[in-house]
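Coordinates from entry.cif are shown below (mmCIF, C-alpha atoms).
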data_final
loop_
_atom_site.label_atom_id
_atom_site.label_comp_id
_atom_site.auth_asym_id
_atom_site.auth_seq_id
_atom_site.Cartn_x
_atom_site.Cartn_y
_atom_site.Cartn_z
CA MET A 1 -15.88 21.35 -4.68
CA SER A 2 -12.43 22.44 -5.72
CA SER A 3 -10.96 19.05 -6.50
CA GLY A 4 -11.02 17.38 -9.89
CA PHE A 5 -11.13 13.86 -8.47
CA SER A 6 -13.02 11.99 -5.80
CA ALA A 7 -11.60 9.95 -2.93
CA GLY A 8 -12.85 6.87 -4.80
CA GLU A 9 -11.01 7.78 -7.98
CA LEU A 10 -7.90 8.43 -5.95
CA GLN A 11 -8.10 5.06 -4.25
CA GLU A 12 -8.35 3.20 -7.53
CA HIS A 13 -4.66 3.96 -7.94
CA ILE A 14 -3.62 2.27 -4.70
CA PRO A 15 -2.67 -1.14 -6.14
CA ARG A 16 -0.28 0.27 -8.72
CA LEU A 17 1.19 2.83 -6.35
CA ARG A 18 1.78 0.01 -3.88
CA ARG A 19 3.44 -2.13 -6.55
CA TYR A 20 5.80 0.64 -7.55
CA ALA A 21 6.56 1.50 -3.92
CA ARG A 22 7.30 -2.15 -3.16
CA ALA A 23 9.70 -2.45 -6.05
CA LEU A 24 11.33 0.83 -5.12
CA THR A 25 11.81 0.13 -1.41
CA ALA A 26 11.97 -3.70 -1.28
CA SER A 27 10.03 -3.56 1.98
CA ARG A 28 6.34 -4.17 2.41
CA GLU A 29 6.09 -1.96 5.45
CA ALA A 30 8.02 0.95 3.98
CA ALA A 31 6.12 0.64 0.71
CA ASP A 32 2.72 0.65 2.37
CA ASP A 33 3.68 3.61 4.52
CA LEU A 34 4.89 5.45 1.45
CA THR A 35 1.64 4.67 -0.37
CA GLN A 36 -0.54 5.75 2.54
CA GLU A 37 1.37 8.99 2.94
CA THR A 38 1.22 9.68 -0.79
CA LEU A 39 -2.51 9.11 -0.78
CA GLU A 40 -3.13 11.43 2.15
CA HIS A 41 -0.83 14.04 0.67
CA ALA A 42 -2.60 13.86 -2.69
CA TRP A 43 -5.97 14.26 -1.02
CA ARG A 44 -4.82 17.28 0.96
CA LYS A 45 -3.29 18.85 -2.15
CA ARG A 46 -6.05 17.86 -4.55
CA ALA A 47 -6.76 21.46 -5.44
CA LEU A 48 -3.30 21.62 -7.02
CA TRP A 49 -3.95 18.83 -9.50
CA GLN A 50 -4.42 19.99 -13.08
CA PRO A 51 -7.29 18.04 -14.63
CA SER A 52 -5.51 18.36 -17.99
CA GLY A 53 -2.79 16.00 -16.78
CA SER A 54 -2.97 12.35 -15.88
CA LEU A 55 -3.94 11.72 -12.26
CA ARG A 56 -1.82 8.60 -12.23
CA ALA A 57 1.30 10.45 -13.34
CA TRP A 58 0.69 13.14 -10.73
CA LEU A 59 0.34 10.54 -7.96
CA PHE A 60 3.57 8.88 -9.01
CA THR A 61 5.24 12.28 -8.96
CA LEU A 62 4.08 12.85 -5.39
CA MET A 63 5.21 9.38 -4.40
CA HIS A 64 8.59 9.82 -5.98
CA ARG A 65 9.20 13.10 -4.16
CA ARG A 66 8.25 11.55 -0.84
CA PHE A 67 10.50 8.62 -1.58
CA LEU A 68 13.46 10.92 -2.27
CA ASN A 69 12.76 12.94 0.87
CA GLY A 70 12.67 9.70 2.82
CA ILE A 71 16.05 8.67 1.45
CA ARG A 72 17.55 12.00 2.39
CA ARG A 73 16.13 11.80 5.87
CA LEU A 74 16.93 8.15 6.51
CA PRO A 75 19.99 7.15 4.55
CA HIS A 76 19.64 3.51 5.58
CA THR A 77 15.95 3.06 4.97
CA ASP A 78 16.59 -0.15 3.10
CA SER A 79 18.18 -1.87 6.04
CA LEU A 80 15.92 -0.77 8.89
CA GLU A 81 15.37 -3.69 11.18
CA GLY A 82 12.01 -5.31 11.05
CA ASP A 83 11.68 -4.92 7.31
CA GLU A 84 10.62 -8.08 5.62
CA PRO A 85 11.83 -8.97 2.15
CA ALA A 86 9.65 -7.56 -0.57
CA THR A 87 8.41 -10.93 -1.72
CA ALA A 88 7.48 -12.59 1.54
CA ALA A 89 5.37 -15.10 -0.33
CA ALA A 90 7.34 -16.65 -3.16
CA PRO A 91 5.57 -15.75 -6.39
CA SER A 92 4.51 -18.67 -8.54
CA LEU A 93 6.90 -18.91 -11.40
CA VAL A 94 6.84 -20.40 -14.80
CA GLY A 95 10.57 -20.92 -14.75
CA GLY A 96 10.59 -23.23 -11.73
CA ALA A 97 13.46 -23.20 -9.27
CA GLU A 98 15.86 -21.62 -11.71
CA GLY A 99 13.44 -18.80 -12.46
CA ARG A 100 13.02 -18.16 -8.76
CA VAL A 101 16.77 -17.75 -8.35
CA VAL A 102 16.81 -15.25 -11.19
CA LEU A 103 13.95 -13.30 -9.63
CA ALA A 104 15.64 -13.21 -6.25
CA GLU A 105 18.75 -11.94 -7.97
CA LEU A 106 16.79 -9.33 -9.85
CA GLN A 107 15.40 -8.13 -6.55
CA HIS A 108 18.92 -7.77 -5.21
CA ALA A 109 20.30 -6.22 -8.36
CA LEU A 110 17.47 -3.70 -8.38
CA GLN A 111 18.31 -2.56 -4.88
CA ALA A 112 21.96 -2.29 -5.88
CA LEU A 113 21.07 0.32 -8.53
CA PRO A 114 21.25 4.01 -7.68
CA ALA A 115 17.71 5.10 -6.73
CA GLU A 116 17.33 7.41 -9.73
CA GLN A 117 18.13 4.59 -12.17
CA ARG A 118 15.93 2.14 -10.29
CA ALA A 119 13.01 4.57 -10.54
CA VAL A 120 13.36 4.91 -14.30
CA VAL A 121 13.75 1.18 -14.90
CA LEU A 122 10.60 0.56 -12.83
CA LEU A 123 8.47 3.38 -14.21
CA VAL A 124 9.22 2.27 -17.77
CA GLY A 125 9.57 -1.49 -17.41
CA LEU A 126 7.02 -2.23 -14.68
CA GLU A 127 4.57 0.67 -14.68
CA GLN A 128 4.78 1.11 -18.44
CA PHE A 129 4.86 4.85 -18.45
CA SER A 130 6.02 6.34 -21.75
CA TYR A 131 9.42 8.03 -21.73
CA ALA A 132 7.69 11.43 -21.82
CA GLU A 133 5.45 10.55 -18.86
CA THR A 134 8.44 9.20 -16.96
CA ALA A 135 10.24 12.50 -17.55
CA GLN A 136 7.15 14.29 -16.22
CA VAL A 137 6.88 12.05 -13.15
CA LEU A 138 10.52 12.53 -12.25
CA ASP A 139 10.62 16.15 -13.36
CA VAL A 140 13.74 15.67 -15.47
CA PRO A 141 14.40 16.11 -19.22
CA ILE A 142 13.60 13.14 -21.42
CA GLY A 143 17.29 12.81 -22.30
CA THR A 144 18.01 12.20 -18.63
CA VAL A 145 15.33 9.51 -18.56
CA MET A 146 16.93 7.79 -21.53
CA SER A 147 20.43 7.86 -20.11
CA ARG A 148 19.26 6.59 -16.70
CA LEU A 149 17.25 3.87 -18.39
CA SER A 150 20.22 2.87 -20.46
CA ARG A 151 22.63 2.79 -17.54
CA GLY A 152 20.14 1.12 -15.21
CA ARG A 153 19.26 -1.69 -17.59
CA GLU A 154 22.84 -2.34 -18.52
CA ARG A 155 23.86 -2.40 -14.88
CA LEU A 156 21.07 -4.85 -14.09
CA ARG A 157 22.17 -7.04 -16.96
CA GLN A 158 25.72 -7.12 -15.68
CA LEU A 159 24.66 -7.76 -12.11
CA LEU A 160 22.39 -10.58 -13.23
CA ASP A 161 24.98 -12.11 -15.54
CA ARG A 162 27.52 -12.02 -12.80
CA GLY A 163 25.09 -13.52 -10.31
CA SER A 164 23.79 -16.34 -12.46
CA ASP A 165 26.97 -17.46 -14.14
CA VAL A 166 30.22 -16.82 -12.35
CA ALA A 167 32.28 -18.37 -15.10
CA ALA A 168 30.87 -16.09 -17.80
CA PRO A 169 33.31 -13.70 -19.41
CA PRO A 170 32.97 -10.12 -18.20
CA ALA A 171 30.22 -8.27 -20.02
CA LEU A 172 31.35 -5.96 -22.78
CA LYS A 173 31.87 -2.41 -21.70
CA ARG A 174 29.39 -0.14 -23.33
CA VAL A 175 30.99 2.47 -25.54
CA LYS A 176 29.31 5.84 -25.55
CA MET B 177 21.07 1.39 -34.10
CA ASN B 178 21.18 4.09 -31.52
CA GLU B 179 20.60 3.50 -27.85
CA GLN B 180 17.24 5.22 -27.72
CA ARG B 181 15.81 3.09 -30.50
CA LEU B 182 17.03 -0.08 -28.83
CA HIS B 183 15.08 0.79 -25.68
CA ALA B 184 12.05 1.95 -27.63
CA TYR B 185 12.11 -1.42 -29.37
CA VAL B 186 12.31 -3.23 -26.02
CA ASP B 187 9.41 -1.17 -24.65
CA ASP B 188 7.25 -1.58 -27.76
CA ALA B 189 7.30 2.16 -28.23
CA LEU B 190 8.28 2.13 -31.92
CA PRO B 191 5.81 2.73 -34.76
CA ALA B 192 5.27 -0.40 -36.88
CA ALA B 193 7.49 0.77 -39.74
CA GLU B 194 10.42 1.56 -37.48
CA ARG B 195 9.91 -1.65 -35.64
CA ALA B 196 10.56 -3.68 -38.77
CA ASP B 197 13.75 -1.65 -39.36
CA ALA B 198 14.85 -2.28 -35.83
CA GLU B 199 14.26 -6.01 -36.16
CA ALA B 200 16.24 -6.14 -39.39
CA TRP B 201 19.02 -4.28 -37.65
CA LEU B 202 18.98 -6.53 -34.60
CA ALA B 203 19.27 -9.58 -36.86
CA THR B 204 22.70 -8.34 -37.90
CA ASP B 205 24.01 -7.14 -34.55
CA ALA B 206 24.51 -9.92 -32.02
CA ASP B 207 25.49 -7.60 -29.18
CA ALA B 208 22.45 -5.36 -29.55
CA ARG B 209 20.26 -8.44 -29.91
CA ALA B 210 21.59 -9.90 -26.66
CA ARG B 211 20.96 -6.62 -24.90
CA ALA B 212 17.43 -6.29 -26.26
CA GLN B 213 16.67 -9.84 -25.12
CA SER B 214 18.10 -9.21 -21.71
CA TYR B 215 16.16 -5.96 -21.25
CA ARG B 216 12.92 -7.61 -22.33
CA ALA B 217 13.57 -10.41 -19.88
CA GLN B 218 14.11 -7.77 -17.20
CA ASN B 219 10.71 -6.24 -17.91
CA ALA B 220 9.02 -9.64 -17.81
CA ALA B 221 10.79 -10.54 -14.58
CA LEU B 222 9.78 -7.25 -12.97
CA HIS B 223 6.17 -8.10 -13.67
CA GLU B 224 6.67 -11.64 -12.42
CA LEU B 225 8.19 -10.30 -9.24
CA PHE B 226 5.87 -7.43 -8.43
CA ASP B 227 2.51 -8.07 -10.11
CA PRO B 228 1.43 -10.28 -7.18
CA VAL B 229 1.46 -7.07 -5.10
CA LEU B 230 -1.55 -5.84 -7.10
CA ALA B 231 -3.75 -8.59 -5.72
CA GLU B 232 -2.65 -8.41 -2.09
CA THR B 233 -4.98 -7.38 0.69
CA HIS B 234 -3.80 -4.15 2.27
CA ALA B 235 -4.89 -1.62 4.80
CA ILE B 236 -4.25 1.54 2.82
CA GLY B 237 -7.10 3.94 2.41
CA LEU B 238 -8.45 7.37 2.86
CA VAL B 239 -11.54 8.59 4.56
CA GLU B 240 -12.55 12.08 5.48
CA THR B 241 -13.77 12.08 9.05
CA GLN B 242 -15.61 15.35 8.40
CA ARG B 243 -14.51 16.62 11.75
CA LEU B 244 -12.24 19.52 11.21
CA ALA B 245 -11.10 19.61 14.81
CA SER B 246 -10.05 16.00 14.74
CA ARG B 247 -8.29 16.48 11.42
CA LEU B 248 -6.39 19.42 12.77
CA ARG B 249 -5.45 17.44 15.85
CA MET B 250 -4.29 14.64 13.61
CA GLY B 251 -2.28 17.08 11.53
CA PHE B 252 -0.56 18.44 14.61
CA ALA B 253 0.08 14.95 15.91
CA LEU B 254 1.60 13.89 12.60
CA ALA B 255 3.65 17.06 12.34
CA ALA B 256 4.88 16.58 15.89
CA MET B 257 5.82 12.99 15.17
CA LEU B 258 7.60 14.03 12.02
CA VAL B 259 9.66 16.63 13.86
CA LEU B 260 10.43 14.08 16.53
CA GLY B 261 11.35 11.58 13.84
CA ILE B 262 13.82 13.96 12.27
CA ALA B 263 15.17 14.97 15.63
CA ILE B 264 15.98 11.58 16.96
CA GLY B 265 16.60 9.82 13.73
CA VAL B 266 16.17 6.23 12.81
CA VAL B 267 14.70 5.01 16.11
CA ALA B 268 11.90 7.52 15.96
CA GLY B 269 11.64 6.87 12.26
CA THR B 270 10.75 3.28 12.96
CA THR B 271 7.99 4.32 15.34
CA TRP B 272 6.64 6.71 12.77
CA ARG B 273 6.62 4.05 10.12
CA THR B 274 4.75 1.52 12.21
CA GLU B 275 2.06 4.09 12.98
CA VAL B 276 0.21 3.45 9.76
CA ALA B 277 -0.10 -0.28 10.32
CA ARG B 278 -1.51 0.14 13.83
CA GLY B 279 -4.97 -1.29 14.22
CA ALA B 280 -4.58 -3.56 11.20
CA PRO B 281 -4.62 -6.82 13.22
CA LEU B 282 -7.96 -5.75 14.70
CA ALA B 283 -9.29 -5.05 11.21
CA ARG B 284 -8.22 -8.51 10.05
CA GLN B 285 -9.81 -10.08 13.08
CA ALA B 286 -12.96 -8.11 12.29
CA THR B 287 -13.25 -9.79 8.89
CA LEU B 288 -12.74 -13.25 10.40
CA ALA B 289 -15.16 -12.68 13.27
CA TYR B 290 -17.70 -11.16 10.93
CA ALA B 291 -17.51 -14.22 8.70
CA ALA B 292 -17.84 -16.53 11.71
CA TYR B 293 -20.80 -14.95 13.49
CA GLN B 294 -22.69 -12.92 10.90
CA PRO B 295 -24.47 -15.99 9.36
CA GLU B 296 -25.53 -17.32 12.80
CA VAL B 297 -29.30 -17.55 13.03
CA ARG B 298 -29.72 -18.74 16.59
CA HIS B 299 -26.52 -17.65 18.30
CA PRO B 300 -25.20 -14.49 16.65
CA VAL B 301 -24.34 -13.05 20.08
CA GLU B 302 -23.51 -14.29 23.56
CA VAL B 303 -25.49 -11.65 25.41
CA THR B 304 -28.50 -10.13 23.66
CA ALA B 305 -29.53 -6.49 23.53
CA ALA B 306 -32.36 -7.32 25.90
CA GLU B 307 -29.69 -7.41 28.61
CA GLU B 308 -27.84 -4.36 27.36
CA GLN B 309 -26.92 -3.10 30.80
CA HIS B 310 -25.34 -6.41 31.69
CA LEU B 311 -23.63 -6.56 28.29
CA VAL B 312 -22.03 -3.14 28.73
CA ALA B 313 -20.95 -3.81 32.29
CA TRP B 314 -19.48 -7.20 31.38
CA LEU B 315 -17.61 -6.04 28.27
CA SER B 316 -16.35 -2.85 29.98
CA LYS B 317 -14.96 -4.98 32.77
CA ARG B 318 -13.19 -7.30 30.36
CA LEU B 319 -11.91 -4.42 28.20
CA THR B 320 -10.79 -2.61 31.38
CA ALA B 321 -12.39 0.67 30.27
CA PRO B 322 -15.98 1.88 29.94
CA LEU B 323 -17.47 0.74 26.64
CA LYS B 324 -19.93 2.99 24.83
CA VAL B 325 -22.42 1.13 22.67
CA PRO B 326 -23.29 3.27 19.65
CA VAL B 327 -26.94 3.57 18.67
CA LEU B 328 -27.31 3.15 14.92
CA ALA B 329 -31.09 3.35 14.77
CA SER B 330 -30.93 6.49 12.62
CA ALA B 331 -29.24 4.36 9.95
CA GLY B 332 -31.77 1.56 10.38
CA TYR B 333 -29.58 -0.78 12.42
CA ARG B 334 -30.54 -2.12 15.84
CA LEU B 335 -28.25 -3.75 18.35
CA LEU B 336 -28.53 -7.54 18.53
CA GLY B 337 -26.03 -7.93 21.34
CA GLY B 338 -22.39 -8.77 21.80
CA ARG B 339 -19.76 -11.31 22.64
CA LEU B 340 -16.18 -11.55 23.77
CA LEU B 341 -13.44 -12.68 21.36
CA PRO B 342 -9.86 -13.70 22.10
CA ALA B 343 -6.99 -11.23 21.78
CA THR B 344 -5.70 -10.40 18.30
CA ALA B 345 -2.26 -11.94 18.76
CA PRO B 346 -0.59 -14.58 20.91
CA GLY B 347 0.84 -12.98 24.03
CA ASP B 348 -1.66 -10.14 23.84
CA SER B 349 -3.76 -10.27 26.98
CA SER B 350 -6.49 -7.78 26.07
CA PRO B 351 -9.64 -9.42 24.74
CA VAL B 352 -11.88 -8.00 22.03
CA ALA B 353 -15.56 -7.11 22.26
CA GLN B 354 -17.80 -7.72 19.27
CA LEU B 355 -21.10 -5.86 19.00
CA MET B 356 -23.55 -6.97 16.33
CA TYR B 357 -26.21 -4.89 14.62
CA GLU B 358 -28.92 -5.83 12.15
CA ASN B 359 -31.21 -3.86 9.86
CA ALA B 360 -34.76 -4.65 8.70
CA GLN B 361 -33.43 -6.53 5.67
CA GLY B 362 -31.37 -8.80 7.91
CA LYS B 363 -28.04 -7.17 6.91
CA ARG B 364 -25.59 -7.36 9.76
CA LEU B 365 -22.73 -5.20 10.93
CA THR B 366 -20.18 -5.94 13.58
CA LEU B 367 -18.15 -3.49 15.60
CA LEU B 368 -14.99 -4.78 17.21
CA VAL B 369 -13.62 -2.84 20.15
CA LYS B 370 -10.28 -3.50 21.76
CA ARG B 371 -8.18 -1.65 24.27
CA ASP B 372 -5.24 -0.04 22.47
CA SER B 373 -2.34 0.84 24.73
CA ALA B 374 -0.76 3.31 22.30
CA ASN B 375 -1.55 6.89 23.12
CA THR B 376 -2.27 8.42 19.73
CA ASP B 377 -5.44 8.36 17.69
CA THR B 378 -5.41 7.47 14.01
CA ALA B 379 -7.51 8.47 11.03
CA PHE B 380 -10.01 6.08 9.51
CA ARG B 381 -8.39 3.22 7.65
CA PHE B 382 -10.01 0.83 5.29
CA LEU B 383 -9.58 -2.88 4.61
CA LYS B 384 -11.40 -5.16 2.19
CA GLU B 385 -11.35 -8.91 2.49
CA GLY B 386 -13.56 -10.75 0.01
CA ASN B 387 -16.98 -9.11 0.28
CA THR B 388 -16.34 -7.82 3.75
CA GLN B 389 -15.31 -4.20 4.15
CA VAL B 390 -13.82 -2.83 7.32
CA PHE B 391 -13.29 0.69 8.55
CA TYR B 392 -10.96 0.84 11.51
CA TRP B 393 -9.45 3.54 13.63
CA ILE B 394 -7.99 4.22 17.06
CA ASP B 395 -9.71 6.62 19.38
CA LYS B 396 -8.31 6.47 22.89
CA PRO B 397 -8.46 4.22 24.77
CA PHE B 398 -9.92 1.84 22.18
CA GLY B 399 -9.26 0.59 18.69
CA TYR B 400 -12.43 0.10 16.64
CA ALA B 401 -13.19 -1.96 13.52
CA LEU B 402 -16.59 -1.77 11.84
CA ALA B 403 -17.20 -4.65 9.40
CA GLY B 404 -20.02 -5.49 7.03
CA ASP B 405 -20.87 -6.97 3.65
CA LEU B 406 -21.65 -3.51 2.38
CA SER B 407 -20.05 -1.33 -0.23
CA ARG B 408 -17.49 1.09 1.00
CA GLU B 409 -19.84 3.99 0.27
CA GLU B 410 -22.55 2.40 2.41
CA LEU B 411 -20.23 1.52 5.26
CA GLN B 412 -18.42 4.84 5.49
CA PRO B 413 -21.36 6.90 6.84
CA LEU B 414 -22.00 4.15 9.37
CA ALA B 415 -18.39 4.33 10.54
CA GLN B 416 -18.76 8.10 10.85
CA LEU B 417 -21.96 7.63 12.81
CA VAL B 418 -20.21 5.26 15.21
CA TYR B 419 -17.37 7.72 15.55
CA ARG B 420 -19.69 10.62 16.33
CA GLN B 421 -21.64 8.57 18.85
CA ILE B 422 -18.46 7.77 20.72
CA ASN B 423 -17.27 11.39 20.49
CA PRO B 424 -20.46 13.39 20.97
#
Encoding of this model in C-alpha cells:
Amino acid sequence: MSSGFSAGELQEHIPRLRRYARALTASREAADDLTQETLEHAWRKRALWQPSGSLRAWLFTLMHRRFLNGIRRLPHTDSLEGDEPATAAAPSLVGGAEGRVVLAELQHALQALPAEQRAVVLLVGLEQFSYAETAQVLDVPIGTVMSRLSRGRERLRQLLDRGSDVAAPPALKRVK
Amino acid sequence: MNEQRLHAYVDDALPAAERADAEAWLATDADARARAQSYRAQNAALHELFDPVLAETHAIGLVETQRLASRLRMGFALAAMLVLGIAIGVVAGTTWRTEVARGAPLARQATLAYAAYQPEVRHPVEVTAAEEQHLVAWLSKRLTAPLKVPVLASAGYRLLGGRLLPATAPGDSSPVAQLMYENAQGKRLTLLVKRDSANTDTAFRFLKEGNTQVFYWIDKPFGYALAGDLSREELQPLAQLVYRQINP
C-alpha cells in the first residue's frame, strides 16, 4: 500500500473537477474526457502524492497540466465539431431572461480570455482556492496569480459591459 | 486601495479588521466600488453557470480490474491511440476523445431496464434459467455472437433468466440482452450485453443513477453493463467476477 488515498477518496473529487473542466473547456465532452484522464493519471501516479498537501489541489494541478498539454496539441480544441455548448440545459436563474443573457455572455467572455487568466479567475472565483493554493495548483508565483486575476477580471468586466450595453461609454483604462 | 486588497475584499479573504478599512475606502472611491461589485457579480454568475454541473449524472470513474495483463494491454492501446492522435491531428483527436464516452448509452439503458424489470414478481424474465440452453442459443443468435452467461453462485447470486431489449439508440440495429440474477435476500442484478462494433476494449466505467449503480465496460465483441441497487463497493467485486468469468 504505497498510496495515501483510496480510489473512493479520489472519486469524491469528481464533481468539482468536472465543474472546473467544464468552465475551462466550455464543452461537456472535452471536460468529461479531461476529468476521466486526470482521474486515471492521478491513480497511476498516486505514489507521488505528498500526504502533507491537499489532495484536491494536487488533482487540480494534474488537470491543469493535462489541459495545457491538450491546448498545445490541439490548438482549436474549443471549436472541435460535435462539441455541445457547456450549458446544454439552461440553468434556472433568479434573474429571469435578462440574467440568462448575462450568463450566456459570461460564458462567451470567459472563453475569450487567455487560458491562463481564465484558469485563475475560475480557481479563485468558482473553486474558491486561496491565492496561495491557486499559485500552487498552477505552479506560478503568487504575484503572477494576482496579476492574472486582476487582468482576467477586468477583461471580463469590459467584455460583459460591452456585450450588455452597447451604448455605454468605454470602460476606464486601468492605470498600473 | 491597492489592487491586491480589492481582490481580497471581493474574495472574502481579508481579516475582519482590514475588511472594515476596505469598506470605508470603497465608500469613497466610486471606480473601485464599481469594480468590486462587478467582480463579485462575476463570482456569483460563475456559480450560477457551473454549479449545476455538480449535480449532473456522469460516467466518469475508476476501477482497478486487478488484471495486470489487461491493464498493460489497455496502457499500450491508449499509448498507441495517443501517438496516432498526435500523428494525424484533429481527426484522430476526435476519435480519442469519444473513446471515454463509449458504452455510456448501454449503461444508461441498464439503469432504465433495471428499474423496469427488477421489481417484477411474476415476469422478471422472458426465458427462465430452467431453459438456459434455449436462452443462450436464442440470445446469441440475436446478438450475432456467442453469449457467455456468467455464473455468480460464488457471490450468492443465481440466474433467473433473460430477455431481449431494443437497441440503445434509434437507427441502431443491434438488440440488447438482459440477464437477471437474484440472491437469497431477493436482491437482483441485471447484466446487459450488447454487440459493440468498435474494436478496442475499455476499462471499467461507473455510472450512478438514483440508487442504481452500473459498472460497464467493453470486452470484444460485446459491451457489458452490470446494474444493481447495491453500493459501489458491493457491486465492484461482482463486476470483476463477471469479467473473469467471461475471460477465464
Residues selected by the PyMOL selection byres ((chain A and resi 106) around 10), written as a PyMOL selection string: (chain A and resi 100-105+107-112+156-157+159-160+163) or (chain B and resi 218+221-222+225)
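Straight-line separation from CA of Arg153 (chain A) to CA of Pro15 (chain A): 24.7 Å.
Residue nearest Glu179 (chain B), chosen from B:Arg211, B:Lys363, B:Arg318, B:His223 and counting all atoms listed in the file: B:Arg211.
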Any idea which chain A residues end up within 6 Å of chain B if we count all atoms listed in the file, as an mmCIF file with C-alpha atoms, in the frame of the given file please?
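File produced: part15.cif:
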data_model
loop_
_atom_site.group_PDB
_atom_site.id
_atom_site.type_symbol
_atom_site.label_atom_id
_atom_site.label_comp_id
_atom_site.auth_asym_id
_atom_site.auth_seq_id
_atom_site.Cartn_x
_atom_site.Cartn_y
_atom_site.Cartn_z
ATOM 1 C CA PRO A 15 -2.670 -1.140 -6.140
ATOM 2 C CA ARG A 19 3.440 -2.130 -6.550
ATOM 3 C CA GLN A 36 -0.540 5.750 2.540
ATOM 4 C CA GLY A 125 9.570 -1.490 -17.410
ATOM 5 C CA LEU A 126 7.020 -2.230 -14.680
#
To test your reading of the syntax: which residues would the PyMOL selection byres ((chain B and resi 367) around 12) return for the file shown? Reply as a ChimeraX atom specification. /B:282-283,285-287,289-290,293-294,323-328,335-341,352-358,364-366,368-370,389-393,398-404,411,414-415,418-419
Could you dump the residues just selected with C-alpha atoms as a PDB file, in the coordinates of the input?
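Saved to selection37.pdb:
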ATOM      1  CA  LEU B 282      -7.960  -5.750  14.700  1.00  0.00           C
ATOM      2  CA  ALA B 283      -9.290  -5.050  11.210  1.00  0.00           C
ATOM      3  CA  GLN B 285      -9.810 -10.080  13.080  1.00  0.00           C
ATOM      4  CA  ALA B 286     -12.960  -8.110  12.290  1.00  0.00           C
ATOM      5  CA  THR B 287     -13.250  -9.790   8.890  1.00  0.00           C
ATOM      6  CA  ALA B 289     -15.160 -12.680  13.270  1.00  0.00           C
ATOM      7  CA  TYR B 290     -17.700 -11.160  10.930  1.00  0.00           C
ATOM      8  CA  TYR B 293     -20.800 -14.950  13.490  1.00  0.00           C
ATOM      9  CA  GLN B 294     -22.690 -12.920  10.900  1.00  0.00           C
ATOM     10  CA  LEU B 323     -17.470   0.740  26.640  1.00  0.00           C
ATOM     11  CA  LYS B 324     -19.930   2.990  24.830  1.00  0.00           C
ATOM     12  CA  VAL B 325     -22.420   1.130  22.670  1.00  0.00           C
ATOM     13  CA  PRO B 326     -23.290   3.270  19.650  1.00  0.00           C
ATOM     14  CA  VAL B 327     -26.940   3.570  18.670  1.00  0.00           C
ATOM     15  CA  LEU B 328     -27.310   3.150  14.920  1.00  0.00           C
ATOM     16  CA  LEU B 335     -28.250  -3.750  18.350  1.00  0.00           C
ATOM     17  CA  LEU B 336     -28.530  -7.540  18.530  1.00  0.00           C
ATOM     18  CA  GLY B 337     -26.030  -7.930  21.340  1.00  0.00           C
ATOM     19  CA  GLY B 338     -22.390  -8.770  21.800  1.00  0.00           C
ATOM     20  CA  ARG B 339     -19.760 -11.310  22.640  1.00  0.00           C
ATOM     21  CA  LEU B 340     -16.180 -11.550  23.770  1.00  0.00           C
ATOM     22  CA  LEU B 341     -13.440 -12.680  21.360  1.00  0.00           C
ATOM     23  CA  VAL B 352     -11.880  -8.000  22.030  1.00  0.00           C
ATOM     24  CA  ALA B 353     -15.560  -7.110  22.260  1.00  0.00           C
ATOM     25  CA  GLN B 354     -17.800  -7.720  19.270  1.00  0.00           C
ATOM     26  CA  LEU B 355     -21.100  -5.860  19.000  1.00  0.00           C
ATOM     27  CA  MET B 356     -23.550  -6.970  16.330  1.00  0.00           C
ATOM     28  CA  TYR B 357     -26.210  -4.890  14.620  1.00  0.00           C
ATOM     29  CA  GLU B 358     -28.920  -5.830  12.150  1.00  0.00           C
ATOM     30  CA  ARG B 364     -25.590  -7.360   9.760  1.00  0.00           C
ATOM     31  CA  LEU B 365     -22.730  -5.200  10.930  1.00  0.00           C
ATOM     32  CA  THR B 366     -20.180  -5.940  13.580  1.00  0.00           C
ATOM     33  CA  LEU B 368     -14.990  -4.780  17.210  1.00  0.00           C
ATOM     34  CA  VAL B 369     -13.620  -2.840  20.150  1.00  0.00           C
ATOM     35  CA  LYS B 370     -10.280  -3.500  21.760  1.00  0.00           C
ATOM     36  CA  GLN B 389     -15.310  -4.200   4.150  1.00  0.00           C
ATOM     37  CA  VAL B 390     -13.820  -2.830   7.320  1.00  0.00           C
ATOM     38  CA  PHE B 391     -13.290   0.690   8.550  1.00  0.00           C
ATOM     39  CA  TYR B 392     -10.960   0.840  11.510  1.00  0.00           C
ATOM     40  CA  TRP B 393      -9.450   3.540  13.630  1.00  0.00           C
ATOM     41  CA  PHE B 398      -9.920   1.840  22.180  1.00  0.00           C
ATOM     42  CA  GLY B 399      -9.260   0.590  18.690  1.00  0.00           C
ATOM     43  CA  TYR B 400     -12.430   0.100  16.640  1.00  0.00           C
ATOM     44  CA  ALA B 401     -13.190  -1.960  13.520  1.00  0.00           C
ATOM     45  CA  LEU B 402     -16.590  -1.770  11.840  1.00  0.00           C
ATOM     46  CA  ALA B 403     -17.200  -4.650   9.400  1.00  0.00           C
ATOM     47  CA  GLY B 404     -20.020  -5.490   7.030  1.00  0.00           C
ATOM     48  CA  LEU B 411     -20.230   1.520   5.260  1.00  0.00           C
ATOM     49  CA  LEU B 414     -22.000   4.150   9.370  1.00  0.00           C
ATOM     50  CA  ALA B 415     -18.390   4.330  10.540  1.00  0.00           C
ATOM     51  CA  VAL B 418     -20.210   5.260  15.210  1.00  0.00           C
ATOM     52  CA  TYR B 419     -17.370   7.720  15.550  1.00  0.00           C
TER      53      TYR B 419
END
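You will find CA of Pro342 (chain B) at 29.1 Å from CA of Pro424 (chain B).
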Evaluating the PyMOL selection byres ((chain A and resi 132) around 12) on the displayed file yields which residues, as a ChimeraX atom specification? /A:57,120,123-124,128-131,133-146 /B:184,189
Per-axis box centre and lengths in Å around region 386-392 of chain B, 6 Å margin per side, axis-aligned, as JSON:
{"center_x": -14.0, "center_y": -5.0, "center_z": 5.8, "size_x": 18.0, "size_y": 23.6, "size_z": 23.5}
Please provide as a ChimeraX atom specification all residues within 12 Å of Gln361 (chain B), with the sequence filter that same-chain residues fewer than 5 positions apart are discarded (counting all atoms listed in the file). /B:332-334
Output C-alpha atoms for every residue in the selection just made, as a PDB file, keeping the file's coordinate frame.
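Saved result, again.pdb, follows:
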ATOM      1  CA  GLY B 332     -31.770   1.560  10.380  1.00  0.00           C
ATOM      2  CA  TYR B 333     -29.580  -0.780  12.420  1.00  0.00           C
ATOM      3  CA  ARG B 334     -30.540  -2.120  15.840  1.00  0.00           C
TER       4      ARG B 334
END
